[in-house]
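The structure file final_33.cif is reproduced below (mmCIF, C-alpha atoms).
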```cif
data_work
loop_
_atom_site.label_atom_id
_atom_site.label_comp_id
_atom_site.auth_asym_id
_atom_site.auth_seq_id
_atom_site.Cartn_x
_atom_site.Cartn_y
_atom_site.Cartn_z
CA MET I 1 57.94 69.07 -58.30
CA LYS I 2 58.56 72.67 -57.34
CA ARG I 3 61.69 74.23 -55.91
CA ILE I 4 60.57 76.62 -53.17
CA VAL I 5 62.44 79.22 -51.14
CA VAL I 6 60.77 79.97 -47.80
CA LYS I 7 62.04 82.97 -45.86
CA ILE I 8 61.24 82.99 -42.15
CA GLY I 9 61.28 86.48 -40.65
CA THR I 10 62.54 87.43 -37.22
CA TYR I 11 59.11 87.62 -35.61
CA SER I 12 57.95 84.51 -37.45
CA ILE I 13 60.55 82.42 -35.64
CA CYS I 14 61.40 84.35 -32.46
CA ASP I 15 59.54 85.24 -29.28
CA LYS I 16 58.93 88.85 -28.22
CA ASN I 17 62.50 89.05 -26.86
CA GLY I 18 64.01 87.99 -30.18
CA VAL I 19 64.91 84.46 -29.03
CA PRO I 20 64.19 81.59 -31.49
CA SER I 21 61.05 79.79 -30.33
CA LYS I 22 60.83 75.98 -30.42
CA GLU I 23 57.06 76.27 -30.79
CA LYS I 24 57.33 78.55 -33.85
CA ILE I 25 60.04 76.39 -35.41
CA SER I 26 57.80 73.38 -34.89
CA ALA I 27 54.76 75.07 -36.47
CA ILE I 28 56.70 76.05 -39.59
CA GLY I 29 58.95 72.98 -39.69
CA THR I 30 56.02 70.56 -39.65
CA GLN I 31 54.65 72.24 -42.77
CA VAL I 32 58.05 72.14 -44.47
CA ALA I 33 58.30 68.42 -43.77
CA LYS I 34 54.88 67.84 -45.36
CA ILE I 35 55.83 69.89 -48.41
CA LEU I 36 59.00 67.83 -48.80
CA ARG I 37 57.04 64.60 -48.48
CA ALA I 38 54.74 65.83 -51.25
CA GLY I 39 57.78 65.67 -53.58
CA ASN I 40 58.88 69.31 -53.56
CA GLN I 41 62.28 70.80 -52.79
CA VAL I 42 62.60 73.47 -50.12
CA ILE I 43 65.32 75.96 -49.21
CA LEU I 44 64.89 77.88 -45.95
CA VAL I 45 66.18 81.41 -45.48
CA SER I 46 66.06 81.96 -41.76
CA SER I 47 66.37 85.00 -39.55
CA GLY I 48 66.94 84.69 -35.81
CA ALA I 49 70.70 84.24 -35.35
CA VAL I 50 71.40 87.76 -34.06
CA GLY I 51 68.46 87.56 -31.65
CA ALA I 52 69.63 84.18 -30.36
CA GLY I 53 73.13 85.52 -29.79
CA ALA I 54 71.85 88.70 -28.15
CA SER I 55 69.86 86.62 -25.66
CA VAL I 56 73.13 85.02 -24.52
CA MET I 57 75.60 87.91 -24.73
CA LEU I 58 73.42 90.97 -24.14
CA ASN I 59 70.56 89.56 -22.05
CA GLY I 60 68.18 90.14 -24.96
CA LYS I 61 69.15 93.75 -25.64
CA ILE I 62 69.41 94.86 -29.25
CA PRO I 63 73.04 95.13 -30.43
CA LYS I 64 73.78 98.76 -31.29
CA THR I 65 77.07 98.42 -33.18
CA MET I 66 78.20 96.33 -36.14
CA ALA I 67 80.81 94.58 -33.98
CA LEU I 68 78.18 93.57 -31.41
CA LYS I 69 75.79 92.42 -34.13
CA GLN I 70 78.51 90.30 -35.73
CA ALA I 71 79.45 88.81 -32.36
CA CYS I 72 75.79 88.02 -31.63
CA ALA I 73 75.48 86.34 -35.04
CA ALA I 74 78.56 84.22 -34.32
CA ILE I 75 76.98 83.02 -31.07
CA GLY I 76 73.47 82.69 -32.48
CA GLN I 77 74.15 80.76 -35.69
CA PRO I 78 75.01 77.44 -33.98
CA ILE I 79 72.13 77.89 -31.55
CA LEU I 80 69.67 78.40 -34.40
CA MET I 81 71.06 75.50 -36.44
CA SER I 82 70.96 73.22 -33.41
CA LEU I 83 67.25 73.94 -32.99
CA TYR I 84 66.57 73.20 -36.66
CA ARG I 85 68.67 70.04 -36.59
CA GLN I 86 66.92 68.72 -33.48
CA PHE I 87 63.49 69.40 -34.95
CA PHE I 88 64.03 67.96 -38.43
CA GLU I 89 65.75 64.82 -37.08
CA PHE I 90 62.30 63.69 -35.98
CA TYR I 91 61.29 63.59 -39.67
CA ASN I 92 64.61 61.97 -40.75
CA ILE I 93 65.53 65.18 -42.57
CA ASN I 94 69.15 66.29 -42.47
CA VAL I 95 69.92 70.00 -42.60
CA ALA I 96 72.88 72.00 -43.95
CA GLN I 97 73.89 75.57 -43.26
CA ILE I 98 74.84 77.97 -46.06
CA LEU I 99 76.14 81.43 -45.14
CA LEU I 100 76.25 83.94 -47.99
CA THR I 101 77.53 87.42 -48.67
CA SER I 102 76.42 89.42 -51.68
CA ASP I 103 79.73 88.99 -53.51
CA VAL I 104 78.48 85.49 -54.36
CA VAL I 105 76.26 87.10 -57.01
CA LYS I 106 78.88 89.55 -58.23
CA MET I 107 81.32 86.90 -59.37
CA ARG I 108 80.06 84.36 -61.89
CA GLU I 109 82.31 81.57 -60.56
CA ARG I 110 81.06 82.00 -56.99
CA PHE I 111 77.47 82.19 -58.22
CA ILE I 112 77.84 78.85 -60.01
CA ASN I 113 79.64 77.28 -57.04
CA ALA I 114 76.81 78.31 -54.71
CA ARG I 115 74.24 76.90 -57.14
CA ASN I 116 76.15 73.62 -57.43
CA THR I 117 76.30 73.31 -53.64
CA ILE I 118 72.55 73.87 -53.28
CA ASN I 119 71.77 71.48 -56.14
CA THR I 120 73.93 68.78 -54.58
CA LEU I 121 72.26 69.15 -51.18
CA LEU I 122 68.78 69.04 -52.70
CA SER I 123 69.67 65.99 -54.81
CA LYS I 124 70.64 64.20 -51.57
CA LYS I 125 67.34 65.26 -49.94
CA ILE I 126 69.12 67.54 -47.47
CA LEU I 127 67.40 70.77 -46.40
CA PRO I 128 69.59 73.86 -47.00
CA ILE I 129 69.18 76.61 -44.42
CA VAL I 130 70.54 79.93 -45.66
CA ASN I 131 71.46 83.08 -43.81
CA GLU I 132 73.67 86.07 -44.45
CA ASN I 133 77.17 85.67 -43.09
CA ASP I 134 76.69 88.44 -40.55
CA THR I 135 79.93 87.61 -38.73
CA VAL I 136 82.00 88.98 -41.64
CA SER I 137 79.55 91.11 -43.63
CA ILE I 138 80.27 94.78 -44.16
CA ASP I 139 78.18 97.28 -46.12
CA GLU I 140 79.96 96.49 -49.37
CA ILE I 141 79.06 92.79 -49.24
CA LYS I 142 75.73 92.84 -47.40
CA PHE I 143 72.45 91.83 -48.98
CA GLY I 144 70.77 94.42 -46.77
CA ASP I 145 67.89 92.35 -45.44
CA ASN I 146 66.69 88.77 -45.56
CA ASP I 147 63.87 89.54 -48.01
CA ASN I 148 66.52 90.50 -50.55
CA LEU I 149 68.64 87.52 -49.48
CA ALA I 150 65.66 85.21 -50.11
CA VAL I 151 65.22 86.48 -53.67
CA ASN I 152 68.93 86.17 -54.37
CA THR I 153 68.80 82.62 -53.00
CA ALA I 154 65.85 81.87 -55.29
CA VAL I 155 67.84 83.17 -58.26
CA ILE I 156 71.01 81.27 -57.32
CA SER I 157 69.04 78.04 -56.88
CA ASP I 158 66.84 78.62 -59.94
CA SER I 159 63.73 78.21 -57.78
CA ASP I 160 60.12 78.50 -58.95
CA ILE I 161 58.70 80.46 -56.06
CA CYS I 162 59.90 82.65 -53.19
CA ILE I 163 57.63 82.80 -50.12
CA ILE I 164 58.11 85.36 -47.36
CA LEU I 165 56.61 84.34 -44.02
CA SER I 166 55.83 87.53 -42.16
CA ASP I 167 53.93 88.83 -39.16
CA THR I 168 51.69 90.52 -41.76
CA ASP I 169 49.60 88.13 -43.86
CA GLY I 170 49.95 90.08 -47.10
CA LEU I 171 49.87 93.56 -48.57
CA TYR I 172 46.84 95.61 -47.56
CA LYS I 173 45.06 98.65 -48.87
CA ASN I 174 44.17 100.99 -45.98
CA TYR I 175 46.01 98.72 -43.54
CA GLY I 176 45.02 99.16 -39.90
CA THR I 177 41.68 100.82 -40.66
CA ASP I 178 38.11 99.52 -40.71
CA SER I 179 38.23 99.51 -44.51
CA GLN I 180 41.46 97.54 -44.85
CA GLU I 181 41.50 95.18 -47.82
CA ARG I 182 44.02 92.45 -48.61
CA ILE I 183 45.56 92.71 -52.07
CA LYS I 184 45.32 89.17 -53.38
CA ILE I 185 47.16 89.45 -56.69
CA VAL I 186 49.74 91.98 -57.91
CA GLU I 187 50.56 91.87 -61.60
CA LYS I 188 52.62 95.06 -61.69
CA ILE I 189 54.44 97.00 -58.99
CA ASP I 190 53.72 100.67 -59.56
CA ASP I 191 53.20 103.83 -57.51
CA LYS I 192 49.71 102.70 -56.51
CA ILE I 193 51.01 99.45 -55.05
CA ARG I 194 53.84 101.29 -53.28
CA SER I 195 51.34 103.72 -51.76
CA PHE I 196 49.99 100.81 -49.66
CA ILE I 197 53.33 100.37 -47.87
CA ILE I 198 53.28 101.06 -44.14
CA LYS I 199 56.84 101.81 -43.04
CA LYS I 200 57.17 100.25 -39.62
CA PRO I 201 60.02 97.73 -39.47
CA GLY I 202 60.40 95.91 -36.17
CA SER I 203 63.20 96.63 -33.74
CA LEU I 204 65.01 93.35 -34.39
CA SER I 205 64.06 92.89 -38.02
CA THR I 206 65.80 94.69 -40.88
CA GLY I 207 62.89 94.65 -43.27
CA GLY I 208 59.30 95.78 -43.27
CA MET I 209 56.79 95.92 -46.11
CA GLU I 210 58.97 98.23 -48.18
CA SER I 211 61.79 95.69 -48.31
CA LYS I 212 59.29 92.99 -49.28
CA ILE I 213 57.94 95.03 -52.19
CA ASN I 214 61.48 95.78 -53.35
CA ALA I 215 62.30 92.08 -53.17
CA ALA I 216 59.07 91.21 -54.98
CA GLU I 217 59.95 93.58 -57.81
CA LYS I 218 63.32 91.92 -58.30
CA SER I 219 61.80 88.43 -58.05
CA ILE I 220 59.06 88.84 -60.63
CA LYS I 221 61.42 90.49 -63.12
CA MET I 222 63.41 87.28 -63.05
CA GLY I 223 60.40 85.05 -63.60
CA ILE I 224 60.07 83.86 -60.01
CA LYS I 225 56.68 83.98 -58.28
CA PHE I 226 56.80 85.96 -55.03
CA VAL I 227 54.37 85.51 -52.14
CA ILE I 228 53.85 87.24 -48.79
CA LEU I 229 52.15 84.88 -46.30
CA GLY I 230 51.26 85.30 -42.63
CA SER I 231 53.38 83.11 -40.40
CA LYS I 232 50.56 83.01 -37.84
CA THR I 233 48.09 81.63 -40.40
CA PRO I 234 47.54 78.00 -39.34
CA ASP I 235 49.19 75.67 -41.92
CA GLY I 236 49.52 78.63 -44.27
CA LEU I 237 52.28 77.06 -46.37
CA ILE I 238 50.34 73.82 -46.82
CA ARG I 239 47.10 75.59 -47.61
CA TYR I 240 48.74 77.88 -50.17
CA LEU I 241 51.12 75.46 -51.87
CA ILE I 242 49.20 72.19 -51.73
CA ASN I 243 45.55 73.13 -51.23
CA ASN I 244 45.76 76.22 -53.47
CA GLU I 245 43.81 78.34 -50.98
CA ASP I 246 43.46 82.10 -51.40
CA LEU I 247 45.96 83.38 -48.84
CA GLY I 248 48.46 86.21 -48.66
CA THR I 249 49.51 88.34 -51.60
CA THR I 250 50.87 86.77 -54.78
CA PHE I 251 53.10 88.76 -57.13
CA VAL I 252 52.80 87.39 -60.65
CA PRO I 253 56.17 86.74 -62.33
CA GLU I 254 57.14 88.07 -65.70
CA GLU I 255 58.34 85.77 -68.47
CA LYS I 256 60.98 83.23 -67.45
CA ILE I 257 64.52 84.21 -68.34
CA ALA I 258 67.64 82.11 -68.81
CA SER I 259 69.94 81.40 -65.88
CA LYS I 260 72.80 83.55 -67.25
CA LYS I 261 70.43 86.49 -67.71
CA LYS I 262 69.23 86.12 -64.11
CA TRP I 263 72.78 86.45 -62.90
CA LEU I 264 73.30 89.47 -65.14
CA PHE I 265 70.16 91.10 -63.78
CA LEU I 266 71.40 90.66 -60.22
CA ILE I 267 74.80 92.20 -60.80
CA THR I 268 73.47 95.04 -62.94
CA HIS I 269 70.82 95.97 -60.37
CA ASN I 270 72.94 98.89 -59.09
CA PRO I 271 74.79 100.32 -62.12
CA LYS I 272 77.82 102.52 -61.49
CA GLY I 273 77.68 104.69 -64.60
CA GLN I 274 76.22 105.36 -68.05
CA ILE I 275 77.50 104.68 -71.56
CA TYR I 276 75.86 106.76 -74.30
CA ILE I 277 75.77 105.11 -77.73
CA ASP I 278 74.97 106.08 -81.34
CA GLU I 279 72.30 104.63 -83.62
CA GLY I 280 74.64 102.14 -85.22
CA ALA I 281 75.54 100.66 -81.85
CA PHE I 282 71.87 100.64 -80.82
CA LEU I 283 70.89 98.62 -83.91
CA ALA I 284 73.80 96.25 -83.34
CA LEU I 285 72.71 95.60 -79.75
CA LYS I 286 69.14 94.96 -80.90
CA ASN I 287 70.60 92.29 -83.17
CA TYR I 288 72.42 90.67 -80.23
CA LYS I 289 75.84 92.08 -81.12
CA SER I 290 78.51 93.31 -78.72
CA LEU I 291 79.08 96.98 -77.94
CA LEU I 292 82.25 98.28 -79.60
CA PRO I 293 84.15 101.51 -78.77
CA ALA I 294 83.32 103.03 -82.17
CA GLY I 295 79.65 103.23 -81.13
CA VAL I 296 80.30 104.95 -77.80
CA LEU I 297 79.54 108.68 -77.81
CA ASP I 298 80.13 109.56 -74.17
CA ILE I 299 80.44 108.25 -70.62
CA SER I 300 79.20 109.50 -67.26
CA GLY I 301 79.85 108.28 -63.75
CA SER I 302 82.92 106.57 -62.39
CA PHE I 303 83.23 102.82 -62.84
CA LYS I 304 85.85 100.11 -62.98
CA LYS I 305 86.38 97.15 -65.26
CA GLY I 306 83.72 94.58 -64.36
CA ASP I 307 81.21 97.12 -63.03
CA ALA I 308 77.61 97.28 -64.20
CA VAL I 309 76.60 100.24 -66.38
CA ARG I 310 73.47 101.62 -68.02
CA ILE I 311 73.42 101.79 -71.81
CA ILE I 312 71.76 105.00 -73.04
CA PHE I 313 70.45 105.82 -76.52
CA ASN I 314 68.57 109.05 -77.28
CA ALA I 315 68.29 109.82 -73.55
CA ASN I 316 66.60 106.46 -72.84
CA GLU I 317 68.05 103.47 -71.01
CA ILE I 318 67.93 100.60 -73.50
CA GLY I 319 69.90 98.04 -71.53
CA ARG I 320 72.56 97.24 -68.97
CA GLY I 321 75.80 95.34 -69.09
CA ILE I 322 79.20 94.58 -67.59
CA SER I 323 81.93 96.87 -68.90
CA LYS I 324 85.32 95.42 -69.84
CA TYR I 325 86.88 98.86 -69.48
CA SER I 326 86.83 101.55 -66.80
CA SER I 327 85.22 104.95 -67.30
CA GLU I 328 88.67 106.55 -67.59
CA GLU I 329 89.74 104.07 -70.25
CA LEU I 330 86.50 104.56 -72.17
CA LYS I 331 86.99 108.31 -72.29
CA LEU I 332 90.22 107.65 -74.22
CA ILE I 333 88.99 104.96 -76.63
CA LYS I 334 85.41 106.08 -77.34
CA LYS I 335 84.53 106.67 -81.04
CA ASN I 336 87.59 104.63 -82.07
CA PRO I 337 87.72 101.34 -83.97
CA SER I 338 88.63 98.34 -81.84
CA SER I 339 91.97 98.08 -83.66
CA ASN I 340 93.05 101.34 -81.98
CA ILE I 341 92.47 100.22 -78.38
CA GLU I 342 95.95 98.81 -77.82
CA LYS I 343 97.56 101.76 -79.59
CA ILE I 344 95.79 104.23 -77.30
CA LEU I 345 95.98 102.38 -73.97
CA GLY I 346 99.09 100.31 -74.51
CA TYR I 347 97.09 97.16 -73.76
CA THR I 348 93.68 95.66 -74.53
CA ASN I 349 90.93 93.89 -72.60
CA GLY I 350 89.38 92.77 -75.87
CA ASP I 351 87.68 94.32 -78.87
CA GLU I 352 84.34 94.80 -77.09
CA ILE I 353 83.36 97.37 -74.51
CA ILE I 354 80.57 95.04 -73.42
CA HIS I 355 80.34 91.50 -74.78
CA ARG I 356 76.93 90.43 -76.09
CA ASP I 357 76.76 87.67 -73.42
CA ASP I 358 77.06 90.34 -70.71
CA ILE I 359 74.24 92.60 -71.94
CA ILE I 360 70.58 92.73 -70.98
CA ILE I 361 68.45 94.65 -73.50
CA ALA I 362 65.30 96.28 -72.13
#
```

As structure tokens, how would this structure be written, given the file I've shared?
Amino acid sequence: MKRIVVKIGTYSICDKNGVPSKEKISAIGTQVAKILRAGNQVILVSSGAVGAGASVMLNGKIPKTMALKQACAAIGQPILMSLYRQFFEFYNINVAQILLTSDVVKMRERFINARNTINTLLSKKILPIVNENDTVSIDEIKFGDNDNLAVNTAVISDSDICIILSDTDGLYKNYGTDSQERIKIVEKIDDKIRSFIIKKPGSLSTGGMESKINAAEKSIKMGIKFVILGSKTPDGLIRYLINNEDLGTTFVPEEKIASKKKWLFLITHNPKGQIYIDEGAFLALKNYKSLLPAGVLDISGSFKKGDAVRIIFNANEIGRGISKYSSEELKLIKKNPSSNIEKILGYTNGDEIIHRDDIIIA
């Protein structure tokens, strides 16, 4: 059995006006039903809510402001879920809606709660359908696009594979020319791979190939296979997952990492500052020890307690972690033994600057 996240893009589920299409839902949903019957578990990440709402409130026009987009999402979410529910009822498959904001990955408790919810639904053979909670999302808690949301969902659910259904059936070299060539396998995302990106996101979508490559990079670093498949390819999901046909572009995952480390990778993806350490601290970290204030040489950037930071030794980033102290506090207690923390600050958040369980070493 495999646990599979399938992300359905805006133009993979909607008509040219951005309205969810029953025909497209049927084409993809029939494949999902077959994959479930084969003994796998599936989580859908679906676009289309804003387009569905815009068709009702704005006569299909694209919402230009955040308030309009959020209002369209509020209207469109029940429309989209109603279409999914009606379709999957035919196969005796119940569906559940999960709306996420990115703070679910920033707080360990929320991360675990989201995982437990998904695990419970899957154990009861209910199909989770995930979308960003656009009705309340602001920049600070947005995933950014549904490609990124799909990878985060794959991490939260500890899935084996993340598949992006797109209007493009893979990554191409020389795309749109007579010499175009589909890239079948990507083992490493480097400048050469990024040079193949054609930046032309659709008017209703928030992604494009660049967002897919960024999502792929995050996915494979966390040991999750990432695939770009064409939504217009007949039975593409079945042919790829069950028949093992050569379709789309597959990004080969790196070594599997533990669940806690996956969470750490997510929340340290955008570090807020740097902590520069001495050789003693570097050797301690290599031996899976915590980072203590005595080993801290300097700090740069502005960060708060609980923020992600880079750990720098000899001008090289050697890891990332979650700081138990702010940058201002660290400037006062650096180079001091842990026993001096309370004397200097008047309080303590613990002996460690970063606990060993909250560190990822490169």

As a check of understanding, name the residues that the PyMOL selection byres ((chain I and resi 272) around 12) selects in the supplied structure, as a compact mmCIF listing (two decimals) with C-alpha atoms, in the frame of the given file.
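The new file result-v9.txt reads:
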```txt
# COMPACT_ATOMS: atom_id res chain seq x y z
CA ILE I 267 74.80 92.20 -60.80
CA THR I 268 73.47 95.04 -62.94
CA HIS I 269 70.82 95.97 -60.37
CA ASN I 270 72.94 98.89 -59.09
CA PRO I 271 74.79 100.32 -62.12
CA GLY I 273 77.68 104.69 -64.60
CA GLN I 274 76.22 105.36 -68.05
CA ILE I 275 77.50 104.68 -71.56
CA ILE I 299 80.44 108.25 -70.62
CA SER I 300 79.20 109.50 -67.26
CA GLY I 301 79.85 108.28 -63.75
CA SER I 302 82.92 106.57 -62.39
CA PHE I 303 83.23 102.82 -62.84
CA LYS I 304 85.85 100.11 -62.98
CA LYS I 305 86.38 97.15 -65.26
CA GLY I 306 83.72 94.58 -64.36
CA ASP I 307 81.21 97.12 -63.03
CA ALA I 308 77.61 97.28 -64.20
CA VAL I 309 76.60 100.24 -66.38
CA ARG I 310 73.47 101.62 -68.02
CA ILE I 311 73.42 101.79 -71.81
CA ARG I 320 72.56 97.24 -68.97
CA GLY I 321 75.80 95.34 -69.09
CA ILE I 322 79.20 94.58 -67.59
CA SER I 323 81.93 96.87 -68.90
CA SER I 326 86.83 101.55 -66.80
CA SER I 327 85.22 104.95 -67.30
```

Practice prompt. Counting all atoms listed in the file, figure out which residue out of I:Asn148, I:Gln180, I:Ser290, I:Asn17 gets nearest to Lys61 (chain I).
Written response: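 With all atoms listed in the file as the atom set, the closest residue is I:Asn17.
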
Worksheet entry | Hits of the PyMOL selection byres ((chain I and resi 127) around 9) in this structure, as a list of chain:residue names |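 Selected by the PyMOL selection byres ((chain I and resi 127) around 9) in this file: I:Gln41, I:Val42, I:Ile43, I:Leu44, I:Ile93, I:Asn94, I:Val95, I:Ala96, I:Gln97, I:Leu121, I:Leu122, I:Lys124, I:Lys125, I:Ile126, I:Pro128, I:Ile129.
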
Worksheet item: Taking (67.0, 82.6, -58.6) in the file's coordinates, which residues come within 12 Å, counting all atoms listed in the file, written as JSON, numbers by chain?
Response: {"I": [3, 4, 5, 43, 105, 111, 112, 114, 115, 118, 148, 149, 150, 151, 152, 153, 154, 155, 156, 157, 158, 159, 160, 161, 162, 215, 218, 219, 220, 221, 222, 223, 224, 225, 226, 256, 257, 258, 259, 260, 261, 262, 263, 264, 265, 266]}

Discussion item. List the spatial neighbours of Ile193 (chain I) as a PyMOL selection string - criterion: any atom at most 9 Å away, all atoms listed in the file, same-chain residues fewer than 3 positions off excluded.
Written reply: chain I and resi 171+173+186+188-190+196-197+213

Worksheet item: Between CA of Tyr11 (chain I) and CA of Tyr172 (chain I), what is the distance, to one decimal in Å?
Response: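 Result for CA of Tyr11 (chain I) versus CA of Tyr172 (chain I): 18.9 Å, one decimal.
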
Worksheet entry | CA of Gly295 (chain I) to CA of Thr348 (chain I), straight-line distance in Å |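 Rounded to one decimal, the two atoms are 17.3 Å apart.
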
Worksheet entry | Spatial neighbours of region 67-78 of chain I, max dist 12 Å, all atoms listed in the file, sep filter under 5 positions, as a PyMOL selection string | chain I and resi 18-20+46-62+83-86+96-99+129-138+204

Item to complete: Using the chain letters and numbers from the file, give me the residues hit by the PyMOL selection byres ((chain I and resi 24-36) around 9), as a PyMOL selection string.
Response: chain I and resi 6+8+12-15+20-23+37-42+83-84+87-88+91+93+125+231+234-238+241-242

Discussion item. Report, in Å to a single decimal, how far apart CA of Gly319 (chain I) and CA of Glu352 (chain I) are.
Written reply: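 Computing it gives 15.8 Å between the two atoms.
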
Item to complete: Could you give me, as a list in words, the residues that have an atom at most 12 Å away from the point (75.1, 88.8, -81.0) in the coordinates of the file, using all atoms listed in the file?
Response: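 Neighbouring residues, ordered by chain and number, come to Ala281, Leu283, Ala284, Leu285, Lys286, Asn287, Tyr288, Lys289, Ser290, Leu291, Leu292, Glu352, Ile354, His355, Arg356, Asp357, Asp358, Ile359, Ile360 and Ile361 of chain I.
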
Go ahead and save the residues from that selection, with C-alpha atoms, as a short mmCIF file (atom, residue, chain, number, x, y, z; two decimals), in the coordinates of the input.
```cif
data_model
loop_
_atom_site.label_atom_id
_atom_site.label_comp_id
_atom_site.auth_asym_id
_atom_site.auth_seq_id
_atom_site.Cartn_x
_atom_site.Cartn_y
_atom_site.Cartn_z
CA ALA I 281 75.54 100.66 -81.85
CA LEU I 283 70.89 98.62 -83.91
CA ALA I 284 73.80 96.25 -83.34
CA LEU I 285 72.71 95.60 -79.75
CA LYS I 286 69.14 94.96 -80.90
CA ASN I 287 70.60 92.29 -83.17
CA TYR I 288 72.42 90.67 -80.23
CA LYS I 289 75.84 92.08 -81.12
CA SER I 290 78.51 93.31 -78.72
CA LEU I 291 79.08 96.98 -77.94
CA LEU I 292 82.25 98.28 -79.60
CA GLU I 352 84.34 94.80 -77.09
CA ILE I 354 80.57 95.04 -73.42
CA HIS I 355 80.34 91.50 -74.78
CA ARG I 356 76.93 90.43 -76.09
CA ASP I 357 76.76 87.67 -73.42
CA ASP I 358 77.06 90.34 -70.71
CA ILE I 359 74.24 92.60 -71.94
CA ILE I 360 70.58 92.73 -70.98
CA ILE I 361 68.45 94.65 -73.50
#
```
